[in-house]
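Pasted below: target_15.txt, compact mmCIF, C-alpha atoms and all ligand atoms.
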```txt
# COMPACT_ATOMS: atom_id res chain seq x y z
CA MET A 1 -24.81 2.18 -4.05
CA LYS A 2 -25.76 3.66 -7.38
CA GLU A 3 -23.23 3.29 -10.21
CA ILE A 4 -23.13 6.08 -12.78
CA LYS A 5 -21.14 6.15 -16.01
CA ILE A 6 -19.32 9.41 -16.57
CA LYS A 7 -16.92 10.46 -19.28
CA VAL A 8 -13.63 12.02 -18.33
CA LYS A 9 -11.94 14.84 -20.17
CA LYS A 10 -9.19 13.81 -22.57
CA LYS A 11 -6.61 15.75 -20.64
CA TYR A 12 -7.14 13.59 -17.54
CA LYS A 13 -7.56 10.24 -19.28
CA GLU A 14 -3.91 9.20 -19.59
CA LYS A 15 -3.15 10.07 -16.00
CA LEU A 16 -6.05 7.95 -14.77
CA ILE A 17 -5.08 5.03 -16.99
CA LYS A 18 -1.56 5.19 -15.57
CA GLY A 19 -2.99 4.76 -12.08
CA TYR A 20 -3.41 8.25 -10.62
CA PRO A 21 -5.90 7.58 -7.79
CA LEU A 22 -7.49 11.01 -7.35
CA ILE A 23 -10.57 12.08 -9.31
CA GLN A 24 -9.61 15.67 -9.95
CA LYS A 25 -12.17 18.44 -9.65
CA ASP A 26 -12.73 19.15 -13.29
CA ALA A 27 -11.88 15.74 -14.72
CA LEU A 28 -15.52 14.80 -15.30
CA ILE A 29 -17.30 15.93 -18.46
CA ASN A 30 -21.00 15.88 -17.75
CA ASN A 31 -23.76 14.82 -15.40
CA ASN A 32 -22.12 16.36 -12.35
CA TYR A 33 -25.54 17.47 -11.21
CA LEU A 34 -26.73 13.85 -11.27
CA ILE A 35 -24.13 12.54 -8.90
CA GLN A 36 -24.36 12.53 -5.15
CA GLU A 37 -21.60 12.00 -2.66
CA GLY A 38 -21.09 8.31 -2.11
CA ASP A 39 -22.23 7.33 -5.60
CA ILE A 40 -19.93 4.98 -7.46
CA ILE A 41 -18.81 6.52 -10.69
CA LYS A 42 -17.53 4.55 -13.64
CA LEU A 43 -15.03 6.69 -15.47
CA MET A 44 -15.27 6.17 -19.24
CA ASP A 45 -13.15 7.50 -22.08
CA GLU A 46 -14.51 9.37 -25.09
CA ASN A 47 -15.37 6.06 -26.80
CA ASN A 48 -17.25 4.86 -23.75
CA LYS A 49 -14.48 2.48 -22.79
CA PHE A 50 -14.16 1.75 -19.07
CA ILE A 51 -11.10 3.21 -17.31
CA ALA A 52 -11.73 2.77 -13.58
CA LYS A 53 -14.40 3.12 -10.94
CA GLY A 54 -14.35 5.22 -7.82
CA TYR A 55 -16.55 7.05 -5.36
CA TYR A 56 -17.72 10.61 -5.59
CA GLY A 57 -16.76 12.61 -2.50
CA LYS A 58 -15.77 16.25 -2.26
CA GLN A 59 -12.50 17.17 -0.58
CA ASN A 60 -10.22 20.16 -1.08
CA LYS A 61 -7.99 17.90 -3.09
CA GLY A 62 -10.56 16.65 -5.57
CA ASN A 63 -13.91 15.00 -6.09
CA GLY A 64 -13.28 11.44 -5.06
CA TRP A 65 -10.93 8.50 -5.34
CA ILE A 66 -10.46 5.51 -7.60
CA LEU A 67 -11.39 2.22 -5.95
CA SER A 68 -10.98 -0.39 -8.68
CA TYR A 69 -9.77 -1.02 -12.20
CA ASN A 70 -12.07 -4.01 -12.56
CA GLU A 71 -15.41 -3.06 -14.10
CA ASN A 72 -17.16 -6.02 -12.49
CA GLU A 73 -15.89 -5.54 -8.97
CA THR A 74 -18.67 -4.47 -6.62
CA ILE A 75 -17.89 -1.97 -3.90
CA ASP A 76 -19.48 -3.70 -0.96
CA TYR A 77 -18.72 -4.99 2.53
CA ASN A 78 -16.26 -7.57 1.20
CA TYR A 79 -14.44 -4.98 -0.87
CA PHE A 80 -13.74 -2.86 2.21
CA LYS A 81 -12.97 -5.86 4.38
CA ASN A 82 -10.30 -7.04 1.93
CA LYS A 83 -8.66 -3.65 1.74
CA ILE A 84 -8.60 -3.24 5.53
CA GLN A 85 -7.33 -6.79 5.98
CA GLN A 86 -4.44 -6.09 3.59
CA ALA A 87 -3.60 -2.92 5.49
CA ILE A 88 -3.63 -4.75 8.84
CA ASN A 89 -1.41 -7.52 7.46
CA LEU A 90 1.14 -4.93 6.41
CA ARG A 91 1.25 -3.58 10.01
CA LYS A 92 1.74 -6.95 11.74
CA LYS A 93 5.13 -5.86 13.07
CA MET A 94 3.64 -2.70 14.53
CA TYR A 95 0.94 -4.65 16.37
CA ASP A 96 3.66 -6.88 17.84
CA ASN A 97 5.95 -4.03 18.90
CA LYS A 98 5.99 -3.74 22.70
CA ASP A 99 7.54 -0.25 22.81
CA THR A 100 5.10 1.45 20.44
CA ASN A 101 1.34 1.02 20.62
CA ALA A 102 0.18 3.94 18.50
CA PHE A 103 0.35 3.83 14.73
CA ARG A 104 -1.57 4.27 11.50
CA VAL A 105 -3.45 1.16 10.40
CA PHE A 106 -4.92 2.55 7.20
CA ASN A 107 -3.53 5.48 5.25
CA GLY A 108 -6.05 6.60 2.65
CA GLU A 109 -5.00 6.22 -0.98
CA GLY A 110 -1.72 4.66 0.22
CA ASP A 111 -3.87 1.70 1.26
CA ASN A 112 -6.01 2.07 -1.86
CA ILE A 113 -8.99 3.96 -0.45
CA GLY A 114 -8.50 7.72 -0.49
CA GLY A 115 -10.32 9.89 2.03
CA LEU A 116 -10.17 7.35 4.86
CA THR A 117 -7.61 6.87 7.62
CA ILE A 118 -7.67 4.54 10.62
CA ASP A 119 -5.32 5.06 13.56
CA TYR A 120 -4.60 2.73 16.47
CA TYR A 121 -4.02 3.96 20.03
CA ASP A 122 -3.44 1.05 22.39
CA GLY A 123 -6.62 -0.82 21.52
CA TYR A 124 -8.66 2.25 20.57
CA TYR A 125 -9.35 2.81 16.88
CA LEU A 126 -9.93 6.25 15.39
CA ILE A 127 -11.47 6.51 11.92
CA ASN A 128 -11.15 9.79 10.02
CA TRP A 129 -13.68 10.43 7.24
CA TYR A 130 -12.50 13.10 4.85
CA SER A 131 -15.71 13.50 2.83
CA GLN A 132 -19.43 12.93 3.02
CA GLY A 133 -18.87 10.51 0.13
CA ILE A 134 -16.62 8.07 2.00
CA PHE A 135 -18.80 8.46 5.09
CA LYS A 136 -21.69 6.94 3.08
CA PHE A 137 -19.76 3.66 3.32
CA SER A 138 -19.26 3.94 7.06
CA ASP A 139 -21.47 0.94 7.96
CA TYR A 140 -19.49 -1.35 5.67
CA ILE A 141 -16.18 0.00 6.90
CA ILE A 142 -16.96 -0.07 10.62
CA ASN A 143 -18.45 -3.57 10.37
CA ALA A 144 -15.44 -4.75 8.39
CA LEU A 145 -13.01 -3.31 10.94
CA GLU A 146 -14.97 -4.88 13.80
CA SER A 147 -14.80 -8.29 12.15
CA LEU A 148 -11.01 -8.06 11.79
CA VAL A 149 -9.69 -6.69 15.08
CA ASP A 150 -10.13 -6.84 18.83
CA TYR A 151 -10.77 -3.36 20.13
CA LYS A 152 -11.55 -1.46 23.30
CA ALA A 153 -13.57 1.15 21.42
CA ILE A 154 -13.96 2.71 17.98
CA TYR A 155 -14.08 6.48 17.58
CA GLN A 156 -14.57 8.57 14.45
CA LYS A 157 -14.04 12.09 13.21
CA LYS A 158 -15.95 13.59 10.33
CA ARG A 159 -13.36 15.83 8.74
CA PHE A 160 -15.81 17.41 6.32
CA ASN A 161 -18.19 20.31 6.50
CA ILE A 162 -21.53 19.58 8.14
CA GLY A 163 -23.63 22.72 8.43
CA GLY A 164 -20.54 24.92 8.66
CA LYS A 165 -18.93 22.74 11.33
CA TYR A 166 -16.10 20.35 10.70
CA ILE A 167 -15.85 18.20 13.79
CA GLU A 168 -18.77 16.72 15.61
CA GLU A 169 -18.56 16.79 19.38
CA ASP A 170 -19.35 13.19 20.20
CA CYS A 171 -17.15 10.94 18.15
CA PHE A 172 -17.72 7.68 20.00
CA VAL A 173 -18.93 4.82 17.77
CA LYS A 174 -18.91 1.62 19.81
CA GLY A 175 -17.12 -0.37 22.48
CA ILE A 176 -16.40 0.81 26.01
CA LYS A 177 -16.00 4.56 26.29
CA ALA A 178 -12.46 5.64 27.12
CA GLU A 179 -11.39 7.87 29.98
CA PHE A 180 -9.30 10.60 28.37
CA PRO A 181 -6.43 10.94 28.11
CA ILE A 182 -5.45 7.50 26.87
CA ILE A 183 -1.74 7.08 27.61
CA VAL A 184 0.01 5.45 24.66
CA LYS A 185 3.65 4.54 24.09
CA GLU A 186 5.98 5.50 21.29
CA ASN A 187 9.40 3.89 21.50
CA GLY A 188 8.87 3.59 25.23
CA VAL A 189 7.87 7.25 25.68
CA ASN A 190 4.38 8.21 26.90
CA PHE A 191 1.90 10.37 25.06
CA ALA A 192 -1.50 11.62 26.23
CA VAL A 193 -4.16 11.14 23.58
CA TYR A 194 -7.57 12.82 23.52
CA LEU A 195 -10.01 11.53 20.93
CA ASN A 196 -12.65 14.02 22.07
CA GLU A 197 -10.96 17.37 21.43
CA GLY A 198 -11.27 18.21 17.75
CA ALA A 199 -9.09 17.16 14.87
CA MET A 200 -5.72 17.04 16.64
CA VAL A 201 -5.42 14.28 19.22
CA GLY A 202 -2.25 15.38 21.03
CA PHE A 203 0.64 14.22 18.90
CA PHE A 204 1.51 13.60 15.30
CA MET A 205 2.51 9.99 14.80
CA ASP A 206 4.19 10.64 11.46
CA GLN A 207 7.17 12.22 13.30
CA ARG A 208 7.90 9.00 15.23
CA ASP A 209 11.25 8.24 13.58
CA VAL A 210 12.36 11.87 13.73
CA ARG A 211 11.63 12.08 17.46
CA ASN A 212 13.53 8.90 18.18
CA THR A 213 16.53 10.11 16.17
CA ILE A 214 16.53 13.40 18.08
CA LYS A 215 16.46 11.55 21.37
CA ASN A 216 19.09 8.95 20.56
CA ASN A 217 21.56 10.89 18.44
CA TYR A 218 21.25 14.64 18.88
CA SER A 219 20.10 15.72 22.34
CA LYS A 220 22.78 14.86 24.87
CA ASN A 221 23.93 17.97 26.75
CA LYS A 222 22.31 20.28 24.19
CA THR A 223 20.19 23.35 24.70
CA VAL A 224 17.14 22.78 22.55
CA LEU A 225 14.63 25.29 21.20
CA ASN A 226 11.40 23.69 19.99
CA THR A 227 9.38 26.18 17.93
CA PHE A 228 5.70 25.61 17.02
CA SER A 229 5.92 23.10 19.82
CA TYR A 230 2.17 22.18 20.15
CA THR A 231 2.14 19.61 23.02
CA GLY A 232 5.92 19.51 23.33
CA ALA A 233 6.55 16.13 21.71
CA PHE A 234 10.01 17.07 20.42
CA SER A 235 10.88 18.65 23.77
CA VAL A 236 9.98 15.44 25.61
CA PHE A 237 12.20 13.35 23.37
CA SER A 238 15.03 15.89 23.65
CA ALA A 239 14.79 15.96 27.45
CA LEU A 240 14.77 12.16 27.63
CA GLY A 241 17.78 12.13 25.32
CA GLY A 242 19.72 14.12 27.89
CA ALA A 243 19.26 17.71 26.74
CA LYS A 244 20.65 20.33 29.11
CA LYS A 245 17.42 22.27 28.78
CA THR A 246 14.47 22.53 26.41
CA THR A 247 12.54 25.66 25.50
CA SER A 248 9.16 25.16 23.87
CA VAL A 249 7.41 28.02 22.09
CA ASP A 250 3.84 27.93 20.83
CA LEU A 251 1.17 30.54 20.39
CA ALA A 252 -1.72 28.43 21.64
CA LYS A 253 -2.58 28.83 25.31
CA ARG A 254 -3.39 25.14 25.67
CA SER A 255 0.17 24.25 24.71
CA ARG A 256 1.51 25.02 28.20
CA LYS A 257 -0.84 22.64 29.99
CA LYS A 258 -0.39 19.93 27.37
CA THR A 259 3.38 20.22 27.39
CA ILE A 260 3.50 20.05 31.21
CA GLU A 261 1.28 16.97 31.02
CA HIS A 262 3.71 15.31 28.61
CA PHE A 263 6.70 16.14 30.83
CA ASN A 264 4.86 14.80 33.88
CA ILE A 265 3.85 11.48 32.38
CA ASN A 266 7.46 10.91 31.38
CA ASN A 267 8.94 11.88 34.77
CA ILE A 268 10.73 14.91 33.37
CA VAL A 269 11.17 17.69 35.94
CA CYS A 270 9.13 20.57 34.51
CA GLU A 271 10.92 23.25 36.47
CA GLU A 272 14.09 22.54 34.54
CA GLN A 273 12.34 23.15 31.21
CA GLU A 274 10.97 26.37 29.78
CA ILE A 275 7.55 26.69 28.16
CA ILE A 276 6.70 29.96 26.44
CA VAL A 277 3.26 30.82 25.10
CA GLU A 278 4.02 33.37 22.43
CA ASP A 279 4.15 34.02 18.71
CA VAL A 280 7.44 32.47 17.55
CA PHE A 281 8.16 35.45 15.32
CA LYS A 282 7.94 37.70 18.35
CA TYR A 283 10.11 35.28 20.29
CA PHE A 284 12.79 35.38 17.55
CA LYS A 285 13.03 39.17 17.93
CA TYR A 286 13.46 38.76 21.68
CA ALA A 287 16.05 36.00 21.30
CA MET A 288 18.08 38.03 18.81
CA LYS A 289 18.02 41.10 21.02
CA LYS A 290 19.26 39.03 23.96
CA ASN A 291 21.75 37.26 21.71
CA LEU A 292 20.42 33.85 22.74
CA LYS A 293 21.90 30.83 20.95
CA PHE A 294 20.69 27.24 21.00
CA ASP A 295 22.64 24.09 20.19
CA MET A 296 19.64 22.63 18.42
CA VAL A 297 16.56 24.35 17.02
CA ILE A 298 13.56 22.31 15.90
CA VAL A 299 11.12 23.95 13.54
CA ASP A 300 7.93 22.24 12.42
CA PRO A 301 5.38 24.92 11.52
CA PRO A 302 1.90 24.38 10.10
CA SER A 303 1.66 24.76 6.30
CA PHE A 304 -0.31 27.91 6.85
CA ALA A 305 -0.82 30.01 9.95
CA LYS A 306 -2.20 33.38 10.78
CA SER A 307 -1.55 35.13 14.06
CA LYS A 308 -2.49 38.67 15.05
CA LYS A 309 0.62 40.16 13.54
CA TYR A 310 2.07 37.61 11.15
CA THR A 311 0.93 35.36 8.36
CA PHE A 312 3.03 32.33 7.53
CA SER A 313 2.80 30.18 4.45
CA ALA A 314 5.34 27.36 4.20
CA SER A 315 5.66 27.59 0.43
CA LYS A 316 6.32 31.35 0.54
CA ASP A 317 7.95 32.03 3.88
CA TYR A 318 10.04 29.01 4.89
CA THR A 319 13.30 30.63 3.77
CA ASP A 320 12.63 33.73 5.87
CA LEU A 321 11.72 31.58 8.85
CA LEU A 322 15.01 29.69 8.55
CA LYS A 323 17.02 32.90 8.21
CA GLN A 324 15.79 33.92 11.65
CA ILE A 325 16.46 30.48 13.04
CA ILE A 326 20.02 30.43 11.74
CA GLU A 327 20.63 33.63 13.72
CA ILE A 328 19.80 31.94 17.01
CA THR A 329 21.50 28.59 16.33
CA SER A 330 24.98 28.30 17.76
CA GLU A 331 27.97 27.73 15.50
CA LYS A 332 28.13 24.05 14.66
CA GLY A 333 24.57 23.80 15.96
CA ILE A 334 21.80 21.67 14.49
CA ILE A 335 18.58 22.78 12.86
CA VAL A 336 15.82 20.22 12.41
CA ALA A 337 13.67 21.71 9.66
CA SER A 338 10.33 20.05 9.04
CA THR A 339 7.27 20.68 6.91
CA ASN A 340 4.06 18.84 6.19
CA CYS A 341 3.19 21.06 3.24
CA SER A 342 2.16 18.88 0.29
CA SER A 343 2.44 21.59 -2.35
CA PHE A 344 6.22 21.26 -2.71
CA ASN A 345 8.62 18.31 -2.66
CA MET A 346 11.91 17.54 -0.90
CA GLU A 347 14.00 19.05 -3.66
CA THR A 348 12.15 22.36 -3.42
CA PHE A 349 12.31 22.25 0.37
CA LYS A 350 16.08 21.87 0.16
CA SER A 351 16.24 24.84 -2.20
CA TYR A 352 14.46 26.94 0.48
CA ILE A 353 17.04 25.76 3.00
CA ASP A 354 19.92 26.54 0.67
CA LYS A 355 18.59 30.01 -0.02
CA ALA A 356 18.36 30.81 3.69
CA PHE A 357 22.00 29.89 4.25
CA VAL A 358 23.28 31.61 1.13
CA GLU A 359 21.42 34.81 1.89
CA THR A 360 22.74 34.92 5.46
CA ASN A 361 26.29 34.04 4.36
CA ASN A 362 26.39 30.84 6.33
CA GLU A 363 27.43 27.34 5.46
CA TYR A 364 25.74 24.10 6.25
CA LYS A 365 25.79 20.40 5.80
CA ILE A 366 22.76 18.13 5.52
CA LEU A 367 23.18 15.25 7.95
CA GLU A 368 20.04 13.23 7.33
CA GLU A 369 16.55 13.34 5.86
CA PHE A 370 13.20 11.82 6.74
CA SER A 371 9.86 11.40 5.05
CA LEU A 372 6.80 9.48 6.24
CA PRO A 373 7.30 6.35 8.36
CA SER A 374 6.30 3.01 6.87
CA ASP A 375 2.83 2.82 8.45
CA TYR A 376 1.95 6.01 6.53
CA ARG A 377 1.92 4.17 3.23
CA VAL A 378 2.20 6.28 0.11
CA HIS A 379 0.51 5.50 -3.22
CA PRO A 380 3.17 5.04 -5.91
CA ASN A 381 1.22 7.24 -8.35
CA TYR A 382 0.25 9.91 -5.85
CA ARG A 383 3.49 11.48 -4.71
CA GLU A 384 1.68 14.46 -3.16
CA GLY A 385 0.64 12.00 -0.46
CA ASN A 386 4.26 11.86 0.68
CA TYR A 387 3.90 15.23 2.39
CA LEU A 388 6.36 15.02 5.28
CA LYS A 389 9.87 16.37 4.76
CA VAL A 390 12.38 16.65 7.58
CA VAL A 391 16.01 17.69 7.16
CA PHE A 392 18.71 17.63 9.85
CA ILE A 393 21.08 20.49 9.08
CA LYS A 394 24.40 21.31 10.72
CA ARG A 395 25.88 24.79 10.68
CA VAL A 396 29.49 24.46 9.59
N1 LIG B 401 5.78 20.53 15.97
C1 LIG B 401 4.59 20.03 16.61
C2 LIG B 401 3.36 20.19 15.75
C3 LIG B 401 3.10 21.60 15.34
S1 LIG B 401 1.41 21.88 15.02
C4 LIG B 401 4.76 18.56 17.01
O1 LIG B 401 5.73 17.93 16.61
O2 LIG B 401 3.93 18.03 17.72
C5 LIG B 401 1.47 23.59 14.73
C6 LIG B 401 1.53 24.43 15.98
O3 LIG B 401 1.96 25.72 15.60
C7 LIG B 401 0.21 24.60 16.70
O4 LIG B 401 0.32 24.15 18.02
C8 LIG B 401 -0.05 26.12 16.64
O5 LIG B 401 -0.59 26.62 17.84
C9 LIG B 401 1.35 26.65 16.45
N2 LIG B 401 1.48 27.97 15.82
C10 LIG B 401 0.91 28.42 14.68
N3 LIG B 401 1.33 29.67 14.40
C11 LIG B 401 2.21 30.02 15.38
C12 LIG B 401 2.98 31.18 15.65
N4 LIG B 401 2.94 32.24 14.84
N5 LIG B 401 3.76 31.17 16.73
C13 LIG B 401 3.80 30.09 17.57
N6 LIG B 401 3.11 28.99 17.35
C14 LIG B 401 2.30 28.94 16.28
```
Kindly return the structure encoded in the file as structure tokens.
Ligand code: SAH
Amino acid sequence: MKEIKIKVKKKYKEKLIKGYPLIQKDALINNNYLIQEGDIIKLMDENNKFIAKGYYGKQNKGNGWILSYNENETIDYNYFKNKIQQAINLRKKMYDNKDTNAFRVFNGEGDNIGGLTIDYYDGYYLINWYSQGIFKFSDYIINALESLVDYKAIYQKKRFNIGGKYIEEDCFVKGIKAEFPIIVKENGVNFAVYLNEGAMVGFFMDQRDVRNTIKNNYSKNKTVLNTFSYTGAFSVFSALGGAKKTTSVDLAKRSRKKTIEHFNINNIVCEEQEIIVEDVFKYFKYAMKKNLKFDMVIVDPPSFAKSKKYTFSASKDYTDLLKQIIEITSEKGIIVASTNCSSFNMETFKSYIDKAFVETNNEYKILEEFSLPSDYRVHPNYREGNYLKVVFIKRV
């Protein structure tokens, strides 16, 4: 790959020297028109002194990621192989775990290469490319992965814009094609995974510890409302934990079929559970009118969502969302409040929670908190990467 020297603006210099891994959008002074995605850029200070080198690749977040602080290091097959090897070594325990065979092998900048993730689903590997720039290294990366692991097949998703489209249909790379769904295990519970249906594969692995906690410590004999339920992952864990009944609410039509599938593959009797395809905000109105109360309400909305009638933005509307949830949570009930929004941190999230209780004249106690599990490694100088925030709240 071509290496191009580029000066960075003074304002960004210190941050980069201190180890911030993202090349921010307007950090570069000149020559932008000379660079192409996938080029290696050497970031220089105003005196032409080397700071770091990285690749140029456009994402929402920025224009690429730092790869090395060593001017002489070449970004080649061996470079990627070493980084992936290190990541695999750090997940040795996960590979050996008999109860869980789905986890993240490589977590972008947390494993020192931003814009790239690799997930493992019982022998199947899924690579996510977050820019055209990182995709330029795909031969190196795929070959390196192949040399390090035994696999059934490798799949990939291009999570960047190609001619107005984000996901390509056929994401098979090599190996023996899977029959979908692949059934994987998480703490002994089954999940159906589809690597051929767009960006979301059927469950979010970063909630693993939260789900297990709900099952083991919070579900017994409870009525559980799972809002923004997607494929019902929290409902499955609640039901297996002994919940009296689960109610799953999601707007997407596919959620019913997918939730039933998850109940079925875990031998949960579907007829005893309720699945509602509806806008949750509409459902809240209904539940309040009927004076419904739940012992536990789980809320894990997308950072941003638009339905026919409502727009939801986690950073603006989380307090209002919780105010409605408090109304339908029984006294002494539990609320599991979750967000994957990276634009605010745990402290701010807790201030949204506090506001909701204060404004509705209710009291609460925080029982426990979760952030990303250990396979979702976070870069020490890129705290935004630690996006997941989950708080278990008790009404008191
Ligand atoms: N909590 C889920 C993941 C949620 S993904 C889990 O643990 O697996 C976000 C989900 O919110 C999607 O399935 C989407 O269909 C749903 N959604 C978005 N806006 C909604 C709305 N207004 N009402 C109900 N569901 C909504």
Among the residues A:Asn291, A:Val390, A:Gly232, A:Lys323, the one that comes closest to ligand LIG 401 (chain B) [using only C-alpha atoms and all ligand atoms]:
A:Gly232
The centre and edge lengths of an axis-aligned box containing all atoms of ligand LIG 401 (chain B) present in the file, extended by 4 Å on each side, are to be given in Å to one decimal, as AutoDock Vina command-line options.
```
--center_x 2.6 --center_y 25.1 --center_z 16.2 --size_x 14.4 --size_y 22.3 --size_z 11.6
```
Of the listed residues A:Ser343, A:Ser315, A:Thr259, A:Ser371, that which approaches ligand LIG 401 (chain B) most closely, counting all atoms listed in the file
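When distances to ligand LIG 401 (chain B) are compared using all atoms listed in the file, the smallest one comes from A:Thr259.
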Radius query 10 Å about (5.7, 10.3, 13.4), atoms used: only C-alpha atoms, as a VMD selection string
chain A and resid 102 to 104 186 203 to 212 371 to 376 388
Please extract the residues at most 9 Å from ligand LIG 401 (chain B), counting all atoms listed in the file, and provide them as an MDAnalysis selection string, using the chain letters and residue numbers of this document.
chainID A and resid 200 202:205 207 211 226:235 249:255 277:283 298:312 338
Atoms to include: C-alpha atoms. Write the selected residues as a PDB file, keeping the file's coordinate frame.
```
ATOM      1  CA  MET A 200      -5.720  17.040  16.640  1.00  0.00           C
ATOM      2  CA  GLY A 202      -2.250  15.380  21.030  1.00  0.00           C
ATOM      3  CA  PHE A 203       0.640  14.220  18.900  1.00  0.00           C
ATOM      4  CA  PHE A 204       1.510  13.600  15.300  1.00  0.00           C
ATOM      5  CA  MET A 205       2.510   9.990  14.800  1.00  0.00           C
ATOM      6  CA  GLN A 207       7.170  12.220  13.300  1.00  0.00           C
ATOM      7  CA  ARG A 211      11.630  12.080  17.460  1.00  0.00           C
ATOM      8  CA  ASN A 226      11.400  23.690  19.990  1.00  0.00           C
ATOM      9  CA  THR A 227       9.380  26.180  17.930  1.00  0.00           C
ATOM     10  CA  PHE A 228       5.700  25.610  17.020  1.00  0.00           C
ATOM     11  CA  SER A 229       5.920  23.100  19.820  1.00  0.00           C
ATOM     12  CA  TYR A 230       2.170  22.180  20.150  1.00  0.00           C
ATOM     13  CA  THR A 231       2.140  19.610  23.020  1.00  0.00           C
ATOM     14  CA  GLY A 232       5.920  19.510  23.330  1.00  0.00           C
ATOM     15  CA  ALA A 233       6.550  16.130  21.710  1.00  0.00           C
ATOM     16  CA  PHE A 234      10.010  17.070  20.420  1.00  0.00           C
ATOM     17  CA  SER A 235      10.880  18.650  23.770  1.00  0.00           C
ATOM     18  CA  VAL A 249       7.410  28.020  22.090  1.00  0.00           C
ATOM     19  CA  ASP A 250       3.840  27.930  20.830  1.00  0.00           C
ATOM     20  CA  LEU A 251       1.170  30.540  20.390  1.00  0.00           C
ATOM     21  CA  ALA A 252      -1.720  28.430  21.640  1.00  0.00           C
ATOM     22  CA  LYS A 253      -2.580  28.830  25.310  1.00  0.00           C
ATOM     23  CA  ARG A 254      -3.390  25.140  25.670  1.00  0.00           C
ATOM     24  CA  SER A 255       0.170  24.250  24.710  1.00  0.00           C
ATOM     25  CA  VAL A 277       3.260  30.820  25.100  1.00  0.00           C
ATOM     26  CA  GLU A 278       4.020  33.370  22.430  1.00  0.00           C
ATOM     27  CA  ASP A 279       4.150  34.020  18.710  1.00  0.00           C
ATOM     28  CA  VAL A 280       7.440  32.470  17.550  1.00  0.00           C
ATOM     29  CA  PHE A 281       8.160  35.450  15.320  1.00  0.00           C
ATOM     30  CA  LYS A 282       7.940  37.700  18.350  1.00  0.00           C
ATOM     31  CA  TYR A 283      10.110  35.280  20.290  1.00  0.00           C
ATOM     32  CA  ILE A 298      13.560  22.310  15.900  1.00  0.00           C
ATOM     33  CA  VAL A 299      11.120  23.950  13.540  1.00  0.00           C
ATOM     34  CA  ASP A 300       7.930  22.240  12.420  1.00  0.00           C
ATOM     35  CA  PRO A 301       5.380  24.920  11.520  1.00  0.00           C
ATOM     36  CA  PRO A 302       1.900  24.380  10.100  1.00  0.00           C
ATOM     37  CA  SER A 303       1.660  24.760   6.300  1.00  0.00           C
ATOM     38  CA  PHE A 304      -0.310  27.910   6.850  1.00  0.00           C
ATOM     39  CA  ALA A 305      -0.820  30.010   9.950  1.00  0.00           C
ATOM     40  CA  LYS A 306      -2.200  33.380  10.780  1.00  0.00           C
ATOM     41  CA  SER A 307      -1.550  35.130  14.060  1.00  0.00           C
ATOM     42  CA  LYS A 308      -2.490  38.670  15.050  1.00  0.00           C
ATOM     43  CA  LYS A 309       0.620  40.160  13.540  1.00  0.00           C
ATOM     44  CA  TYR A 310       2.070  37.610  11.150  1.00  0.00           C
ATOM     45  CA  THR A 311       0.930  35.360   8.360  1.00  0.00           C
ATOM     46  CA  PHE A 312       3.030  32.330   7.530  1.00  0.00           C
ATOM     47  CA  SER A 338      10.330  20.050   9.040  1.00  0.00           C
TER      48      SER A 338
END
```
Atom pair CA of Lys42 in chain A + CA of Tyr12 in chain A, distance 14.3 Å
Residues within 9 Å of Ile325 in chain A, only C-alpha atoms, excluding chain neighbours under 5 positions, as a list in words:
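Result of the neighbour search: Phe284, Val297, Val299, Asp320 and Ile335 of chain A.
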From the set A:Ile334, A:Ile326, A:Ile154, A:Cys171, which residue has the shortest atom-to-atom contact distance to Ile214 in chain A, counting all atoms listed in the file?
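Of all the options, A:Ile334 lies closest to Ile214 in chain A.
By chain and then residue number, the residues within 8 Å of range 17-19 of chain A are Lys13, Glu14, Lys15, Pro21, Ile51, Ala52 and Asn381 of chain A, counting all atoms listed in the file and disregarding those fewer than 2 positions away in sequence.
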Counting all atoms listed in the file, what is within 9 Å of Gly64 in chain A, bar same-chain residues fewer than 2 positions away, as a VMD selection string?
chain A and resid 21 to 25 37 to 38 54 to 59 61 to 62 66 114 to 115 131 133 to 134
